[in-house]
Each structure stands twice: as structure tokens, then as C-alpha cells.
Amino acid sequence: EAGVAQSPRYKIIEKRQSVAFWCNPISGHATLYWYQQILGQGPKLLIQFQNNGVVDDSQLPKDRFSAERLKGVDSTLKIQPAKLEDSAVYLCASSLGLAGNNEQFFGPGTRLTVL
Amino acid sequence: GENVEQHPSTLSVQEGDSAVIKCTYSDSASNYFPWYKQELGKRPQLIIDIRSNVGEKKDQRIAVTLNKTAKHFSLHITETQPEDSAVYFCALPGGGSYIPTFGRGTSLIVHP
């Protein structure tokens with residue numbers, strides 16, 4: 001089966017610019033996650049969707065980050081405006097159901113560098 | 001929210017030795033405990049998981065043990081090989097009012 005797809009793989013922008021990331025989860029997976037992984041740390045959840053509804057976005061910096069999953073399949077994560085500390089790998093993951101009992105499958109990630 | 005602590009942060013072993021990584025947690029509602037391996041520049045991938053109705057699970061050279069009373073679970077790798085070198089993360093997948101949380105990671109280095 002096809003895995004989780006993400007694009008772009010790499011992005012370099014200057015601070016205060018905007019950037020968007022795209023994720024296509026595994027077919028049939030209801031739950032989609034966006035994580036931020038700063039170098040040397042574990043993934044940190046930004047937002048979790050169940051179909052097209054938000055399950056949790058408590059750790060999403062909503063003044064600059066936004067995400068949507070309008071049709072319950074693909075998702076986009078946007079940062080506007082970017083800050084230097086946003087430099088990280090942004091990982092998308094999906095699972096059949098909520099992660100409490102289901103394996104999460106990760107995409108290859110998007111490496112963002114903010115200059 | 002959930003709190004998970006992972007130790008050690010770095011583990012250096014000789015090929016053939018065993019490696020043990022431990023995670024402690026605070027949420028008593030967790031009943032699924034996965035471990036992920038992340039090679040340099042690649043995505044995290046599940047290597048083994050355990051559910052709360054068992055205390056130990058093995059898959060060839062890797063095993064996971066769970067102590068729900070003490071709230072800790074550990075990853076055991078025996079007969080380590082250079083290709084085991086990677087960062088390993090424990091995770092609490094969340095559920096109910098808890099969000100998915102990953103440990104800070106353990107960088108395992110296996111010297112040939």
C-alpha cells in the first residue's frame with residue numbers, strides 16, 4: 001500500500017515569509033496528525049484531525065500556524081509569518097483510528113529552514 | 001497533559017552487546033505503548049509495540065516490557081548490530097483527554 005505522502009521535502013524561506021505544507025495520508029486512515037520535530041527532539045504534536053474535524057490543536061501556535069483537512073483526506077499546514085524558531089522537520093502521520101490503540105504511519109517530512 | 005520521560009539520551013555499545021532504553025509516564029489511562037526507530041534523515045517507523053494486557057513482547061532481537069503498576073516500559077535490543085544505530089522514541093499515543101506524546105529520544109550508537 002502507498003504510504004503517507006508529503007510535499008515539499010525541503011523548503012528554505014526568510015523570516016516573516018509564508019509557507020505551506022501538504023500531506024496525503026494512507027487511504028482509509030481517518031486520523032491525521034501534524035508534528036513538529038526540532039533537531040535532537042522527539043516529534044511534538046501540533047494538530048490532530050479525525051476525518052475533517054479537529055481532535056486537538058492545543059499545541060498549535062494559532063497566531064501563526066493554521067491547518068485544514070476540508071474533505072477529510074488531504075491536509076495542509078501553513079505558517080504565516082515564519083520565525084527563525086520554526087526551523088524544524090514537519091511530519092505528517094496517519095492512523096486508522098485515534099492513536100490510543102492504532103499505529104501511526106509517518107510521511108517523509110518537510111525540512112523547513114527559516115533564515 | 002501526558003508526561004513521558006525517556007532515558008538515557010545517548011547509549012553507546014559495542015556490537016553484540018545488549019541495549020536497554022526506558023520510558024516512564026504519568027497517565028494511567030494509556031493501554032498501548034509503541035517504540036519507533038528513526039534513522040538519520042528518515043521518518044520514524046514503528047518497530048514494536050505492546051498493549052497493557054501483556055507484560056512482555058518479543059520480535060527476534062527486540063523486546064518490550066511493560067510495568068503498568070510502576071508506569072514504565074522498556075525497549076530491549078540484544079546482539080546489537082551497527083545497523084541498529086539510530087534514534088529510538090517511545091510514545092504514548094494519547095486518547096481521551098491526552099494527546100499523543102513522544103519521548104525525547106535515545107541516540108543508540110553501535111560500534112563495530
# chains A, B, ... in the order shown; residues from 1 in each chain; ligands from 1
$ residues_around --residues "region 105-110 of chain B" --least-positions-apart "5" --cutoff "8 Å" --atoms "only C-alpha atoms" --output "VMD selection string"
(chain A and resid 40 to 42) or (chain B and resid 6 to 15 21 80 to 90)
$ interface_residues --of "chain B" --to "chain A" --cutoff "8 Å" --atoms "only C-alpha atoms" --output "mmCIF file with C-alpha atoms, in the first residue's frame"
data_model
loop_
_atom_site.group_PDB
_atom_site.id
_atom_site.type_symbol
_atom_site.label_atom_id
_atom_site.label_comp_id
_atom_site.auth_asym_id
_atom_site.auth_seq_id
_atom_site.Cartn_x
_atom_site.Cartn_y
_atom_site.Cartn_z
ATOM 1 C CA SER B 30 -2.585 4.519 28.475
ATOM 2 C CA ASN B 31 -3.008 0.973 27.197
ATOM 3 C CA TYR B 32 -0.886 0.994 24.041
ATOM 4 C CA PRO B 34 4.814 1.781 20.867
ATOM 5 C CA LYS B 42 14.333 9.466 7.734
ATOM 6 C CA ARG B 43 10.844 9.116 9.137
ATOM 7 C CA PRO B 44 10.042 7.418 12.456
ATOM 8 C CA GLN B 45 8.943 3.828 11.958
ATOM 9 C CA LEU B 46 7.238 1.525 14.407
ATOM 10 C CA PHE B 89 11.491 7.066 20.623
ATOM 11 C CA LEU B 92 2.180 7.499 24.455
ATOM 12 C CA PRO B 93 -0.385 7.645 21.681
ATOM 13 C CA GLY B 94 -2.944 9.528 23.677
ATOM 14 C CA GLY B 95 -6.637 9.003 23.931
ATOM 15 C CA ILE B 99 -2.661 13.929 23.221
ATOM 16 C CA PRO B 100 -0.014 11.794 21.504
ATOM 17 C CA THR B 101 3.326 12.414 23.215
ATOM 18 C CA PHE B 102 6.794 11.228 22.257
ATOM 19 C CA GLY B 103 9.839 10.832 24.450
ATOM 20 C CA ARG B 104 12.878 12.990 23.745
ATOM 21 C CA GLY B 105 14.648 10.105 22.069
#
$ closest_residue --among "B:Val54, B:Val4, B:Val20, B:Ile47" --to "Asn67 (chain B)" --atoms "only C-alpha atoms"
B:Val54
$ select_by_dssp --residues "chain A" --states "strand (DSSP E)" --output "VMD selection string"
chain A and resid 5 to 7 10 to 13 19 to 24 31 to 37 44 to 50 53 to 56 65 to 68 75 to 79 88 to 95 105 to 106 110 to 114
$ atom_distance --atom1 "CA of Asp49 (chain B)" --atom2 "CA of Thr78 (chain B)"
16.6 Å
$ atom_distance --atom1 "CA of Leu75 (chain B)" --atom2 "CA of Ala29 (chain B)"
20.4 Å
$ closest_residue --among "A:Gly97, A:Gly53, A:Pro8, A:Gly3" --to "Ala30 (chain A)" --atoms "only C-alpha atoms"
A:Gly97
